[in-house]
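Novice: Have a look at this one.
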Amino acid sequence: MDLFEYQGKQYFARYDIPVSAGGVADTVDDAVAQADKAGYPVVVKAQVQVGGRGKAGGIKLANNAAEVREHAGNIIGMDIKGHEVKRVWVENASDIAEEYYASFTLDRSAKKHMLMLSKEGGVEIETVAVENPDAILIRHIDPVDGIDLAWATKAAIDAKMPEQSVAGVADILVKLYRCYTEGDCDLAEINPLILKPTGEIHALDAKVSLDNNAAFRHPEWDEYRATEELDEREQLAREKDLQYIGLDGSVGIIANGAGLAMSTLDVVNQVGGSAANFLDIGGGANADVMAAALEVINYDQNVKSIFVNIFGGITRGEEVAKGIVEALNRVTLKAPIVIRLDGTNAEEGRQILASAGIPESVLQSKPTMLEAAQAAVAIANGAGAHGNGNGK
Amino acid sequence: MAIFVDQNTKVIVQGLTGGQGKYHGLRNQAYGTQIVGGVTPGKGGTDVEGIPVFNTVAEAVAATGADASFIAVPPKAASAAILEAAAAGIRFAVCITEGIPAQDEARVFNTLLRDHPNTRLLGPNCPGIISPGKCNIGITAGEIAALPSPSGPNVGIVSRSGTLTYQALYELKQRGIGVSTCVGIGGDPVPGTNFIDCLSEFEADPETHAIIMIGEIGGSAEEEAADYIKANVTKPMSAYIAGVTAPAGKKMGHAGAIVSGGKGTAQGKMDALAAAGVRVGLNPTEAGDLMAEILKTL
């Protein structure tokens, strides 16, 4: 889960990382109130999870309440690369002497944590990596050892930080590492990390991505969930605890396992169709989960056929079949189902479906993934249930 | 032969008294796997359909001589369960648990590396391993795996995705192709066993004559495997990478499966494997067809 800047800063503050005084606002009046509290001049910053806010006019300096009113009025409701600005963060403006970069993430190849530190901050780190790779210090950290102040100090020196910044940067690195590990982040990034003319080091931006698997030990994350930007289909899927990603096509996809779901998208595409979604019902899904998945798919107006692709391992075929029968009793599906069922208890599942007396216009069963994809695409493309789905 | 596990492997199930552990543990036993015990703290002295349950892995190992463990416990308890197995001298631990925090996985992996170098972890979040006819640890339906033929040729399977592992087994069975061992390494960011570990074992295994590899978007494990294949693998291979049509920036279910910053794309992985001499199919069926073609030339 990606946090907005203001949430990232609030998260940093939990770990004593210095951030600017400020507050979040979703109305112009509120923005002025937050500015009065933070102290002028302030910066009014659009809260969207997309890069290039500044260029789009989503970050403005304001010297007084009238200017806050003007800028907040323009920014709230603004569209930045398809993201509607619902909130602004208003913070006390900082004087900047220098801009650095610092982040912790997991290096999956090395299977260790990784610090990236650079005295060239304030620009996209990917750009620095291409144009001036020597300006980025990369250090791996064994998660068993962690880091201490001595380690962080050496890293700051090795990154060629100016002498006056070394102590402050090292202090923040130790705090940021704690935020990253104890705070269960996939990524904790500060860009820019600034040196003020007065000598303090300070996080001027916050990019935090949280590991959803760790939500069970972070009750404080609940409030972030409430502001996550999901479309209506994704919202419904979340309520039902399903792994769902909305796409633009016309074949609804339900599969068990992320790999099979991805592969199902690929195969649908190869036979000339396009997927309406990615939906992984996960391992061990039962009848309730299957029924919920069909309800979510049914909510999508673009869906013309539903491809249920199940290869049972931990998921049992008879549970999947029961779920389909149950869902058909509960809701009227707007699109027909094409199912391919294999693996654990697949035969029992097929028998349950066969004896349920469901007409072929509602549900048809195919022996292989490819044949099922062709049938589902044929229906979605309007060629009829028995047409050749190969649109290429 | 086979890799990692065979008919002599003695397995305990950590979490045997829980829903998943019991269901799959008993199915593994019914397949012919030597399930010699279970471990559930507080339930030592009881049994599950005749399989003795112990309070700790150490007690179970002492009493049964187990060398492998099937770990089927919830995410909160999984890290401790893996380390307990390692400390008790388990050689091969299979963890199917889905949803372990990445921080815990990274810590466990590096703890094993440092303190228990003789323990190999498969998973977490993996379907397990099957050496058909000999040993099945995990959640794979044993009947979809074709037995290896004594005269060969037989195929080794290594896959990052659970259900695609079954799909690969199924594709080979449909074509009457025997399987030496099928390893599901799991889709999490820090798998205990990676593609390269399996490829090197398959390369050395006389019963394996060719290898199928199933990858997916995200990370660089497939690219690293391609480099390894080029330098070290002489046996012919086919492959499939899931997620050709996955949009960038969206996590496709697995914690590891995401295309970000133009990296980890299916195309990049397919190109890297093809450049290493691997025959790459556009879907699992095609990877199976390519393997059938390869075997005809052996």
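Simple scheme: letters A, B, ... for chains in structure tokens order, numbers from 1 for residues in each chain, numbers from 1 for ligands in the order shown.
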Quick one: residues within 10 Å of Phe4 (chain A), only C-alpha atoms, excluding same-chain residues fewer than 6 positions away - as a PyMOL selection string?
Specialist: chain A and resi 10+46-50+87+89+206-209+224+227-228
Novice: Pick out the chain B residues within 6 Å of chain A. Count only C-alpha atoms. Give them as a PyMOL selection string.
Specialist: chain B and resi 99-101+107+139-141+161+163-164+242-245+253-254
Novice: Using C-alpha atoms, can you export the residues from the last selection as a PDB file, in the first residue's frame?
Specialist:
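As written to disk, part25.pdb reads:
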```
ATOM      1  CA  GLY B  99       1.303 -13.735   3.767  1.00  0.00           C
ATOM      2  CA  ILE B 100       4.534 -13.640   5.785  1.00  0.00           C
ATOM      3  CA  PRO B 101       5.825 -10.042   6.101  1.00  0.00           C
ATOM      4  CA  ARG B 107      15.551 -11.956   8.488  1.00  0.00           C
ATOM      5  CA  ILE B 139      -0.258 -29.100  -1.589  1.00  0.00           C
ATOM      6  CA  THR B 140       0.248 -30.557  -5.061  1.00  0.00           C
ATOM      7  CA  ALA B 141      -2.387 -33.075  -6.114  1.00  0.00           C
ATOM      8  CA  SER B 161       3.871 -19.900  -9.204  1.00  0.00           C
ATOM      9  CA  THR B 163      -1.016 -23.153  -9.829  1.00  0.00           C
ATOM     10  CA  LEU B 164       1.257 -22.860 -12.853  1.00  0.00           C
ATOM     11  CA  ALA B 242       3.412 -15.413 -16.850  1.00  0.00           C
ATOM     12  CA  GLY B 243       2.294 -11.804 -17.047  1.00  0.00           C
ATOM     13  CA  VAL B 244       2.940 -10.735 -20.652  1.00  0.00           C
ATOM     14  CA  THR B 245      -0.232  -8.644 -20.511  1.00  0.00           C
ATOM     15  CA  GLY B 253      -1.313 -10.972  -6.435  1.00  0.00           C
ATOM     16  CA  HIS B 254       2.124 -12.262  -5.473  1.00  0.00           C
TER      17      HIS B 254
END
```
Novice: If DSSP is run on the backbone, what residues of region 135-168 of chain A are alpha helix (DSSP H)? A reply as a list in words would be ideal.
Specialist: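 Output for region 135-168 of chain A, alpha helix (DSSP H) only: Leu149, Ala150, Trp151, Ala152, Thr153, Lys154, Ala155, Ala156, Ile157, Asp158, Glu163, Gln164, Ser165, Val166, Ala167 and Gly168 of chain A.
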Novice: List every residue of region 258-368 of chain A that DSSP, applied to the backbone of this structure, assigns to strand (DSSP E), and report them as a PyMOL selection string.
Specialist: chain A and resi 277-280+305-312+337-343+363-365
Novice: Fewer than 2 positions away in the same chain doesn't count, so skip those; otherwise give me all residues within 7 Å of Lys43 (chain B), counting only C-alpha atoms, as a VMD selection string.
Specialist: chain B and resid 40 to 41 45 to 46 53 to 55
Novice: Write a file of the just-selected residues containing N, CA and C atoms, as a PDB file, in the first residue's frame.
Specialist:
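Heads up, here's the output in part_16.pdb:
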```pdb
ATOM      1  N   THR B  40       2.783 -29.799  17.140  1.00  0.00           N
ATOM      2  CA  THR B  40       1.919 -28.701  17.551  1.00  0.00           C
ATOM      3  C   THR B  40       2.185 -28.462  19.036  1.00  0.00           C
ATOM      4  N   PRO B  41       2.703 -27.271  19.366  1.00  0.00           N
ATOM      5  CA  PRO B  41       2.985 -27.003  20.789  1.00  0.00           C
ATOM      6  C   PRO B  41       1.728 -27.225  21.639  1.00  0.00           C
ATOM      7  N   GLY B  45       1.955 -35.932  22.413  1.00  0.00           N
ATOM      8  CA  GLY B  45       1.362 -37.118  23.032  1.00  0.00           C
ATOM      9  C   GLY B  45       0.065 -37.543  22.373  1.00  0.00           C
ATOM     10  N   THR B  46      -0.543 -36.653  21.607  1.00  0.00           N
ATOM     11  CA  THR B  46      -1.767 -37.044  20.894  1.00  0.00           C
ATOM     12  C   THR B  46      -1.346 -37.590  19.514  1.00  0.00           C
ATOM     13  N   VAL B  53       1.996 -36.900  17.441  1.00  0.00           N
ATOM     14  CA  VAL B  53       2.210 -35.451  17.497  1.00  0.00           C
ATOM     15  C   VAL B  53       3.148 -35.129  18.659  1.00  0.00           C
ATOM     16  N   PHE B  54       4.103 -34.220  18.416  1.00  0.00           N
ATOM     17  CA  PHE B  54       5.083 -33.817  19.418  1.00  0.00           C
ATOM     18  C   PHE B  54       4.933 -32.323  19.714  1.00  0.00           C
ATOM     19  N   ASN B  55       5.487 -31.912  20.870  1.00  0.00           N
ATOM     20  CA  ASN B  55       5.411 -30.500  21.237  1.00  0.00           C
ATOM     21  C   ASN B  55       6.424 -29.641  20.487  1.00  0.00           C
TER      22      ASN B  55
END
```
Novice: Do you know which residues are at most 12 Å from Ile294 (chain B) counting only C-alpha atoms, after dropping those on the same chain fewer than 5 positions away, and could you put them as an MDAnalysis selection string?
Specialist: chainID B and resid 153:155 177 209:212 235:239 278:280 287:289
Novice: Can you tell me, as a PyMOL selection string, what residues are no more than 9 Å from Ile196 (chain B) when counting only C-alpha atoms, ignoring any on the same chain fewer than 4 positions away?
Specialist: chain B and resi 200-201+221+224-225+228-229
Novice: Using only C-alpha atoms, which residues sit within 10 Å of Pro336 (chain A) once same-chain residues fewer than 3 positions away are excluded, as a list in words?
Specialist: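 Once the nearby chain positions are removed, what remains is Gly252, Val303, Lys304, Ser305, Ile306, Phe307, Leu333, Ile339, Pro359, Glu360, Ser361, Val362, Leu363, Gln364, Ala376, Ile379, Ala380 and Ala385 of chain A.
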Novice: Residues near region 82-86 of chain B, anyone? I mean within 8 Å using only C-alpha atoms, not counting same-chain ones fewer than 6 positions away, as a list in words.
Specialist: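 Residues near the query, excluding close chain neighbours: Val57, Ala58, Ser69, Ile71, Ala93, Cys95, Val108, Leu112, His116, Thr119 and Leu121 of chain B.
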Novice: For CA of Ile217 (chain B) and CA of Phe109 (chain B), quote the distance in Å rounded to one decimal.
Specialist: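 Separation of CA of Ile217 (chain B) and CA of Phe109 (chain B): 22.1 Å.
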Novice: Take CA of Ile3 (chain B) and CA of Thr64 (chain B) and report the distance between them in Å, one decimal.
Specialist: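 Answer for the CA of Ile3 (chain B) to CA of Thr64 (chain B) separation: 22.3 Å.
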Novice: To one decimal in Å, tell me the separation between CA of Val85 (chain A) and CA of Cys179 (chain A).
Specialist: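 Interatomic distance, CA of Val85 (chain A) to CA of Cys179 (chain A): 27.2 Å.
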Novice: Tell me which of B:Tyr170, B:Tyr23, B:Val61, B:Asp188 sits closest to Gln103 (chain B), counting only C-alpha atoms.
Specialist: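 Using only C-alpha atoms, Gln103 (chain B) sits closest to B:Asp188.
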